[in-house]
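*Asks:* Right, I'll just put the structure down here and ask away after.
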Amino acid sequence: MGALRDISTIARWEVKKSFSLMGTNVLPLGIIIFVLLIAVTGFATQSGIHLQDGMYKVGISDQEPASLIAGDTRFAVSAFSGSVPDWQGNSFDLIIISDKVYQRGTEKSRAALRTVARDYAKYVNSVYTREEDLFAAFPLWIEIQPQKSELDFISTQSGHSVTAAPGLQAPVPEGPVVEIPNPSPDLGFTKEELRQELVKTSAANPQISRYTEVLGADNPPGGFKTPSQLSPSLPFDSIILIFVFIFPLYFTSQFFMMSIMNERIERRGEILLSTPMKASSIIIGKMLPYFLGMVAISTGLTLWIQAPLTILLPLVPVIFFFLANSLLIGMLSRSFKELSFLSLFFSTIATMYLFFPSIFANVHVISFISPLTLIVLSLQGTAWTVTDYLYSTSLFWLTGAVLFSVAILNFKDERLFSEKTLLARFREFLSEAISQKQPFLSLILLAGFSIPFVFMVQLLSLVLFFNLPMPYSLVLLVMVAALVEEMAKGVGIYTIYSRDPAFFAWRNVVLASAATATGFLVGEKLLLFVTLAQITESVFGSILFLSLGVLWMPLVLHFTGVLIVSCCLKLGGRGWFAPGLVLAMAVHGLYNLYFILGWFT
Amino acid sequence: MKARHLSIIAKNEFRGLFSERTILLAILLQLFIALFSSFLMVGLTSMYDPSSLAKYSRFRYNVAYTGNDSQMLDELSASQDFRVYRMNLSDGVAALKERKLSAVIWVPQTLPDAQEPVKITLYTLQNDLQSAIVDLKLKDIFLHYETDLRTVRAGRLHDAPVPLSIPNVSGGDFYEFVYGLLIPLLVFMPAIIASALVIDLLTEEYQHETLETLISTPVTFAEMVWGKVLACELMVPVQAGAWILLLMINGITIDNAGLILLQVSVTSLILILLGTLTALYYRERTAAQFIFSTALVVVMLLALALPVNPLNLLTRLAVDTAGMEQWIVLGIILGIVLALGLVTHLYAGIVGKSHQDG
């Protein structure tokens, strides 16, 4: 009960502090800026965004074609006299003489030509829209019937195209065939209704409307389109929405980061630490208002776009993860600029991890490593299972929890107010987690708890290398995976070595390596069994996560890797840590290439 | 104001940046982004212009043709992109759902010269990267068929559009995205980072209460402020130059690199000085950063809504179409910078005096 009371006291205090800070000075100016923002937004929608003005230079001999592209600010139009194209050095990218367009073969000229072609197609459509006999001008209409693929992920996970191998025979469906009635040949709308829709869509700027349409779904009646109106059903649309969700979270976690940092400035937090409250209560109390705030913002956004509230479920672990990182960044950085750069770095990496996989939603099992994929699916109305949820959020829960416990262990005077460099502080934080009395047990645990981070980094590299052609992506993946694993294992050893080099007697070197290898292997297998079974069955998975069958071989491998690193440390000192890592990576990588891919045989 | 004092402050800040290795993080981030530029290029370009995706595939997609015969069947069969199967509708859709086909097309009985339009029904997989590519390739076929039908029905049309014959070429897909969006945004990013940095540097002096020590030295308060501005300003061309270099390594030729750096450096001073003023007013990081980042959105949006804005100039310089207007804009910006500089100087003087008085 005491802890709960402490937490609520701290939380109330935190809210009061941030409101008093914001209220006095910031609010009036904030309101003024908000009003200005609305005014400027209005102005910008009127005048348009002028980022690409005057990119292309066009010479035109006649009035009529000039009027066709005059409305497009990307073109800087000037008069051209003469009947054969003459580029006059670098004066023109395109030349239009009477009704002929000439390009000069450069990349820029071709880009300009494409833009002219698009503008012209738009103009032609606008002329046809006025035709009395609309169905002579637009004789072809297309109705799109989106279908859901009913295959599960396992069959699409090899990373290749999902279409079956081509044959001369028409493919025969294996499952039951549902009888589909022939679609009616009628549009079911009058000419004038369709005409209005054409006028409306041709007026909108597709570059903008494609994104705004997601927010307020405004489909043409019946979903009919002329061929030129067809724009691909890209999976990116829902991802725009995701940015609506994630950016407020970054913003709010900035405040949390700053609040932690403020406690450390000039030892202000000393009063807090001198109270009998536990570090965990202080941290949770300080975090609670931000957590609730972020959940409230997400709920508000969900209600606003009228999405199902289930999308909050995958968002909560993301919020938890963000807060854990903000806490650590706030505790680690020594100055504001360091705070800024660290948070920038973190948010870029986190965005990559969240964003890239979800591009492949519905396509590939890899997309499920990002909780955002679940949000995309929810928005589409596709159901996901508890297993999917565990699979995509467990790493966020686990890493968040590990980071929080590291932060709680280190939430005390000598860590918070130390002025050492970033790396030294990082080592100190870890050193706190390695007990002096039970170093081997600590190493086992440390290695085990590093697994979620290792998986995260490896999965990120999987997503990034996924796009490269096949042999390269595998080799790169093997090497990066090996390096990441060796680094994770080496960190504990390195920390112990820099704390107490005398500890490194040969007997202890072997024992420490064995402890790390065991912890790593146990953690790896446990997490794999629980969550990642799907991904491990693919060829990529077998590289990242050694096969589950034989246990002694990976144990020996992990042991060898750590032993190489610790021997380098013992013989060469701290300067030999990095070369040791590279050596271990090479051994580890070659082992993987040999055993998993069966190369060199 | 003494130049020596300025350079002492600036050097001191640089030393801080290097000793903290924060600058390393920034460089690492730049490299990281540049390293995955191929991914960025594909991903972002297709967000910007989905039709560029179609170039990525030279694969023949399986398509089912159902319903009645038409000229489109011939066009589909002749296409290099598709392998067409004549099927019945229900079988086709079932095979589509099993991903054995990429699309199913149903064509009605409507005659080419009928009064009514021809309504084709297209079955594709929902929200799928591959079906996005297939849709784009089918769009070409549909457009062809539309032209054919239009020719058949041409007698019923009244107005003909102004003719313009545009040659058929390939390529140029990335151009507008790279030069008209990526380059101005990436090259301008250091200016935003620098302006956030100046807030950090100034509020730090207040919140770490190191100000008194600084004021007791011969360096005046205004000199201290300008020294920090100088340090941040010097970072801009370095970082922007690094972006240009990284883009060039990625095979993107950029014209007028020197002039681009000049424009960015001068324009960034507006943001840095705005940041300075905010920091001097609030003297506390959370509030200052919050107000500044919101104000930044307003300023950037306003700038983008104006013709020949500095970001547009970066595009024009990169593609070598900038003329005299760049110097006029530079002049206007210099004027704004001078005015802001004057305000900053006066305000710093007032603030400094109040500190000296205690």
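The way I read the labels, and the way they are meant: chains A, B, ... in the order of the structure tokens, residue 1 as the first residue of every chain, and ligand 1 as the first ligand shown, with later ones counted on from there.
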What's the 12 Å shell around Gly258 of chain B, counting only C-alpha atoms, without same-chain residues fewer than 5 positions away, as a PDB file with N, CA and C atoms, in the first residue's frame?
*Replies:*
ATOM      1  N   PRO B 237      26.979  24.492 -42.522  1.00  0.00           N
ATOM      2  CA  PRO B 237      27.568  24.111 -43.813  1.00  0.00           C
ATOM      3  C   PRO B 237      28.291  22.772 -43.752  1.00  0.00           C
ATOM      4  N   VAL B 238      28.858  22.440 -42.592  1.00  0.00           N
ATOM      5  CA  VAL B 238      29.570  21.165 -42.484  1.00  0.00           C
ATOM      6  C   VAL B 238      28.597  20.006 -42.677  1.00  0.00           C
ATOM      7  N   ALA B 240      25.449  20.123 -43.868  1.00  0.00           N
ATOM      8  CA  ALA B 240      24.786  20.177 -45.174  1.00  0.00           C
ATOM      9  C   ALA B 240      25.746  19.668 -46.247  1.00  0.00           C
ATOM     10  N   GLY B 241      27.019  20.037 -46.125  1.00  0.00           N
ATOM     11  CA  GLY B 241      28.021  19.564 -47.074  1.00  0.00           C
ATOM     12  C   GLY B 241      28.137  18.051 -47.028  1.00  0.00           C
ATOM     13  N   ILE B 244      25.331  16.585 -48.983  1.00  0.00           N
ATOM     14  CA  ILE B 244      25.548  16.697 -50.421  1.00  0.00           C
ATOM     15  C   ILE B 244      26.544  15.639 -50.877  1.00  0.00           C
ATOM     16  N   LEU B 245      27.603  15.485 -50.077  1.00  0.00           N
ATOM     17  CA  LEU B 245      28.623  14.499 -50.413  1.00  0.00           C
ATOM     18  C   LEU B 245      28.038  13.090 -50.430  1.00  0.00           C
ATOM     19  N   GLN B 263      23.377  29.472 -49.455  1.00  0.00           N
ATOM     20  CA  GLN B 263      21.954  29.741 -49.165  1.00  0.00           C
ATOM     21  C   GLN B 263      21.536  29.123 -47.830  1.00  0.00           C
ATOM     22  N   VAL B 264      21.907  27.856 -47.635  1.00  0.00           N
ATOM     23  CA  VAL B 264      21.505  27.185 -46.393  1.00  0.00           C
ATOM     24  C   VAL B 264      22.092  27.892 -45.187  1.00  0.00           C
ATOM     25  N   SER B 265      23.365  28.249 -45.291  1.00  0.00           N
ATOM     26  CA  SER B 265      24.016  28.852 -44.140  1.00  0.00           C
ATOM     27  C   SER B 265      23.355  30.171 -43.761  1.00  0.00           C
ATOM     28  N   LEU B 314      16.900  26.009 -53.135  1.00  0.00           N
ATOM     29  CA  LEU B 314      17.812  24.858 -53.047  1.00  0.00           C
ATOM     30  C   LEU B 314      17.544  23.891 -54.187  1.00  0.00           C
ATOM     31  N   LEU B 317      18.776  25.489 -57.430  1.00  0.00           N
ATOM     32  CA  LEU B 317      20.236  25.456 -57.518  1.00  0.00           C
ATOM     33  C   LEU B 317      20.715  24.043 -57.836  1.00  0.00           C
ATOM     34  N   ALA B 318      20.097  23.054 -57.193  1.00  0.00           N
ATOM     35  CA  ALA B 318      20.553  21.672 -57.390  1.00  0.00           C
ATOM     36  C   ALA B 318      20.342  21.223 -58.829  1.00  0.00           C
TER      37      ALA B 318
END
*Asks:* Should the cut-off be 6 Å, what would the residue list for chain A against chain B look like, counting only C-alpha atoms, as an MDAnalysis selection string?
*Replies:* chainID A and resid 37 40 44 47:52 55 99:101 107 110:111 124 135:136 139:150 163:164 170 173 177 179:180 185 227 232:235 336:338
*Asks:* So that I can check the surroundings of Thr516 of chain A, please list as a count of residues only every protein, DNA and RNA residue that reaches within 8 Å of it, counting only C-alpha atoms and ignoring chain neighbours fewer than 5 positions away.
*Replies:* 9
*Asks:* Kindly give the distance, in Å, that separates atom CA of Phe75 of chain A and atom CA of Met324 of chain B, rounded to a single decimal.
*Replies:* 16.7 Å
*Asks:* Report the distance between atom CA of Ser281 of chain A and atom CA of Asp6 of chain A in Å, rounded to one decimal place.
*Replies:* 6.2 Å
*Asks:* Atom CA of Leu94 of chain A and atom CA of Leu259 of chain B are how many Å apart?
*Replies:*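 Between atom CA of Leu94 of chain A and atom CA of Leu259 of chain B the gap works out to 25.0 Å.
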*Asks:* With DSSP run on the backbone, what are the alpha helix (DSSP H) residues within segment 218-351 of chain B? I'd like them as a PyMOL selection string.
*Replies:* chain B and resi 221-249+257-282+285-305+310-318+325-351
*Asks:* Using the selection just defined, write its residues with C-alpha atoms as a short mmCIF file (atom, residue, chain, number, x, y, z; two decimals), in the first residue's frame.
*Replies:*
data_model
loop_
_atom_site.label_atom_id
_atom_site.label_comp_id
_atom_site.auth_asym_id
_atom_site.auth_seq_id
_atom_site.Cartn_x
_atom_site.Cartn_y
_atom_site.Cartn_z
CA PHE B 221 26.89 38.34 -21.99
CA ALA B 222 26.22 39.43 -25.57
CA GLU B 223 29.56 37.98 -26.66
CA MET B 224 28.67 34.73 -24.97
CA VAL B 225 25.37 34.60 -26.88
CA TRP B 226 27.01 35.39 -30.22
CA GLY B 227 29.73 32.85 -29.59
CA LYS B 228 27.11 30.14 -29.24
CA VAL B 229 25.28 31.37 -32.33
CA LEU B 230 28.57 31.21 -34.21
CA ALA B 231 29.26 27.66 -33.06
CA CYS B 232 25.84 26.47 -34.23
CA GLU B 233 26.07 28.39 -37.47
CA LEU B 234 29.41 26.80 -38.32
CA MET B 235 27.87 23.35 -37.96
CA VAL B 236 25.34 24.04 -40.72
CA PRO B 237 27.57 24.11 -43.81
CA VAL B 238 29.57 21.16 -42.48
CA GLN B 239 26.51 18.97 -42.02
CA ALA B 240 24.79 20.18 -45.17
CA GLY B 241 28.02 19.56 -47.07
CA ALA B 242 28.13 16.04 -45.67
CA TRP B 243 24.62 15.42 -46.99
CA ILE B 244 25.55 16.70 -50.42
CA LEU B 245 28.62 14.50 -50.41
CA LEU B 246 26.67 11.43 -49.32
CA LEU B 247 24.03 12.04 -51.97
CA MET B 248 26.72 12.43 -54.60
CA ILE B 249 28.33 9.16 -53.50
CA ALA B 257 27.04 22.80 -54.26
CA GLY B 258 28.83 25.94 -53.10
CA LEU B 259 25.86 28.22 -53.73
CA ILE B 260 23.57 25.72 -51.99
CA LEU B 261 25.77 25.80 -48.92
CA LEU B 262 25.75 29.60 -49.01
CA GLN B 263 21.95 29.74 -49.17
CA VAL B 264 21.50 27.19 -46.39
CA SER B 265 24.02 28.85 -44.14
CA VAL B 266 22.47 32.30 -44.47
CA THR B 267 18.89 31.05 -44.15
CA SER B 268 19.73 28.91 -41.15
CA LEU B 269 20.73 32.08 -39.30
CA ILE B 270 17.05 33.10 -39.22
CA LEU B 271 16.15 29.89 -37.42
CA ILE B 272 19.17 30.02 -35.14
CA LEU B 273 18.42 33.60 -34.12
CA LEU B 274 14.77 32.75 -33.50
CA GLY B 275 15.94 29.88 -31.33
CA THR B 276 18.31 32.23 -29.50
CA LEU B 277 15.53 34.70 -28.76
CA THR B 278 13.24 31.94 -27.50
CA ALA B 279 15.97 30.54 -25.28
CA LEU B 280 16.85 33.96 -23.86
CA TYR B 281 13.20 34.58 -23.08
CA TYR B 282 12.39 31.27 -21.39
CA ARG B 285 14.74 23.98 -22.07
CA THR B 286 11.33 22.30 -22.00
CA ALA B 287 9.36 25.50 -22.51
CA ALA B 288 11.79 26.95 -25.04
CA GLN B 289 11.96 23.81 -27.16
CA PHE B 290 8.21 23.38 -27.06
CA ILE B 291 7.47 26.93 -28.18
CA PHE B 292 10.26 26.92 -30.72
CA SER B 293 9.30 23.65 -32.38
CA THR B 294 5.70 24.79 -32.72
CA ALA B 295 6.80 28.16 -34.07
CA LEU B 296 9.14 26.37 -36.46
CA VAL B 297 6.19 24.63 -38.09
CA VAL B 298 4.52 28.01 -38.64
CA VAL B 299 7.66 29.59 -40.09
CA MET B 300 8.42 26.67 -42.39
CA LEU B 301 4.86 26.40 -43.63
CA LEU B 302 4.72 30.13 -44.31
CA ALA B 303 8.03 29.98 -46.18
CA LEU B 304 6.89 27.06 -48.30
CA ALA B 305 3.68 28.86 -49.23
CA PRO B 310 14.72 29.44 -49.79
CA LEU B 311 13.85 25.74 -49.95
CA ASN B 312 12.66 26.15 -53.52
CA LEU B 313 15.92 27.92 -54.27
CA LEU B 314 17.81 24.86 -53.05
CA THR B 315 15.90 22.78 -55.58
CA ARG B 316 16.55 25.27 -58.36
CA LEU B 317 20.24 25.46 -57.52
CA ALA B 318 20.55 21.67 -57.39
CA GLU B 325 16.27 35.61 -58.28
CA GLN B 326 18.61 33.72 -55.98
CA TRP B 327 20.54 36.90 -55.22
CA ILE B 328 17.37 38.89 -54.60
CA VAL B 329 16.13 36.24 -52.18
CA LEU B 330 19.53 36.08 -50.54
CA GLY B 331 19.39 39.86 -50.12
CA ILE B 332 15.94 39.73 -48.51
CA ILE B 333 17.07 36.94 -46.19
CA LEU B 334 20.17 38.88 -45.25
CA GLY B 335 17.91 41.81 -44.40
CA ILE B 336 15.77 39.62 -42.13
CA VAL B 337 18.91 38.16 -40.55
CA LEU B 338 20.31 41.63 -39.87
CA ALA B 339 17.05 42.78 -38.31
CA LEU B 340 16.81 39.64 -36.16
CA GLY B 341 20.48 40.00 -35.30
CA LEU B 342 19.91 43.55 -34.12
CA VAL B 343 16.96 42.47 -31.99
CA THR B 344 18.98 39.61 -30.54
CA HIS B 345 21.90 41.90 -29.81
CA LEU B 346 19.73 44.48 -28.05
CA TYR B 347 17.81 41.83 -26.13
CA ALA B 348 21.01 40.06 -25.11
CA GLY B 349 22.30 43.44 -23.92
CA ILE B 350 19.22 44.01 -21.76
CA VAL B 351 19.29 40.47 -20.37
#
*Asks:* List the neighbours of Leu445 of chain A out to 10 Å using only C-alpha atoms; skip same-chain residues closer than 4 positions along the sequence, and give me the result as a list in words.
*Replies:*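 The residues satisfying every condition are Ala433, Ile434, Pro439, Phe440, Leu441, Phe449, Ser450, Ala515, Thr516, Thr518, Gly519, Phe520, Val522 and Gly523 of chain A.
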*Asks:* Restricted to N, CA and C atoms, what would the selected residues look like written as a PDB file, in the first residue's frame?
*Replies:*
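out.pdb was written with the following content:
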ATOM      1  N   ALA A 433      24.430  -3.747 -12.613  1.00  0.00           N
ATOM      2  CA  ALA A 433      23.613  -4.947 -12.761  1.00  0.00           C
ATOM      3  C   ALA A 433      24.426  -6.223 -12.520  1.00  0.00           C
ATOM      4  N   ILE A 434      25.766  -6.110 -12.513  1.00  0.00           N
ATOM      5  CA  ILE A 434      26.599  -7.297 -12.282  1.00  0.00           C
ATOM      6  C   ILE A 434      27.050  -7.309 -10.824  1.00  0.00           C
ATOM      7  N   PRO A 439      29.267 -12.911  -9.632  1.00  0.00           N
ATOM      8  CA  PRO A 439      29.479 -12.391 -10.990  1.00  0.00           C
ATOM      9  C   PRO A 439      28.995 -13.348 -12.070  1.00  0.00           C
ATOM     10  N   PHE A 440      29.131 -14.648 -11.847  1.00  0.00           N
ATOM     11  CA  PHE A 440      28.779 -15.583 -12.923  1.00  0.00           C
ATOM     12  C   PHE A 440      27.276 -15.678 -13.111  1.00  0.00           C
ATOM     13  N   LEU A 441      26.576 -15.701 -11.963  1.00  0.00           N
ATOM     14  CA  LEU A 441      25.118 -15.719 -12.052  1.00  0.00           C
ATOM     15  C   LEU A 441      24.641 -14.442 -12.769  1.00  0.00           C
ATOM     16  N   PHE A 449      19.050 -11.522 -20.559  1.00  0.00           N
ATOM     17  CA  PHE A 449      18.190 -10.352 -20.753  1.00  0.00           C
ATOM     18  C   PHE A 449      18.599  -9.515 -21.959  1.00  0.00           C
ATOM     19  N   SER A 450      19.785  -9.759 -22.486  1.00  0.00           N
ATOM     20  CA  SER A 450      20.187  -8.994 -23.677  1.00  0.00           C
ATOM     21  C   SER A 450      19.506  -9.539 -24.922  1.00  0.00           C
ATOM     22  N   ALA A 515      29.443 -18.931 -18.548  1.00  0.00           N
ATOM     23  CA  ALA A 515      28.222 -18.371 -17.970  1.00  0.00           C
ATOM     24  C   ALA A 515      27.481 -17.545 -19.013  1.00  0.00           C
ATOM     25  N   THR A 516      28.223 -16.668 -19.717  1.00  0.00           N
ATOM     26  CA  THR A 516      27.593 -15.822 -20.729  1.00  0.00           C
ATOM     27  C   THR A 516      26.960 -16.672 -21.825  1.00  0.00           C
ATOM     28  N   THR A 518      25.942 -19.750 -21.711  1.00  0.00           N
ATOM     29  CA  THR A 518      24.758 -20.458 -21.226  1.00  0.00           C
ATOM     30  C   THR A 518      23.563 -19.517 -21.147  1.00  0.00           C
ATOM     31  N   GLY A 519      23.777 -18.353 -20.523  1.00  0.00           N
ATOM     32  CA  GLY A 519      22.683 -17.391 -20.380  1.00  0.00           C
ATOM     33  C   GLY A 519      22.112 -17.009 -21.725  1.00  0.00           C
ATOM     34  N   PHE A 520      23.015 -16.780 -22.674  1.00  0.00           N
ATOM     35  CA  PHE A 520      22.588 -16.347 -23.997  1.00  0.00           C
ATOM     36  C   PHE A 520      21.755 -17.427 -24.663  1.00  0.00           C
ATOM     37  N   VAL A 522      20.148 -19.994 -23.305  1.00  0.00           N
ATOM     38  CA  VAL A 522      18.878 -20.251 -22.633  1.00  0.00           C
ATOM     39  C   VAL A 522      17.868 -19.153 -22.985  1.00  0.00           C
ATOM     40  N   GLY A 523      18.321 -17.902 -22.909  1.00  0.00           N
ATOM     41  CA  GLY A 523      17.429 -16.780 -23.229  1.00  0.00           C
ATOM     42  C   GLY A 523      16.925 -16.876 -24.657  1.00  0.00           C
TER      43      GLY A 523
END
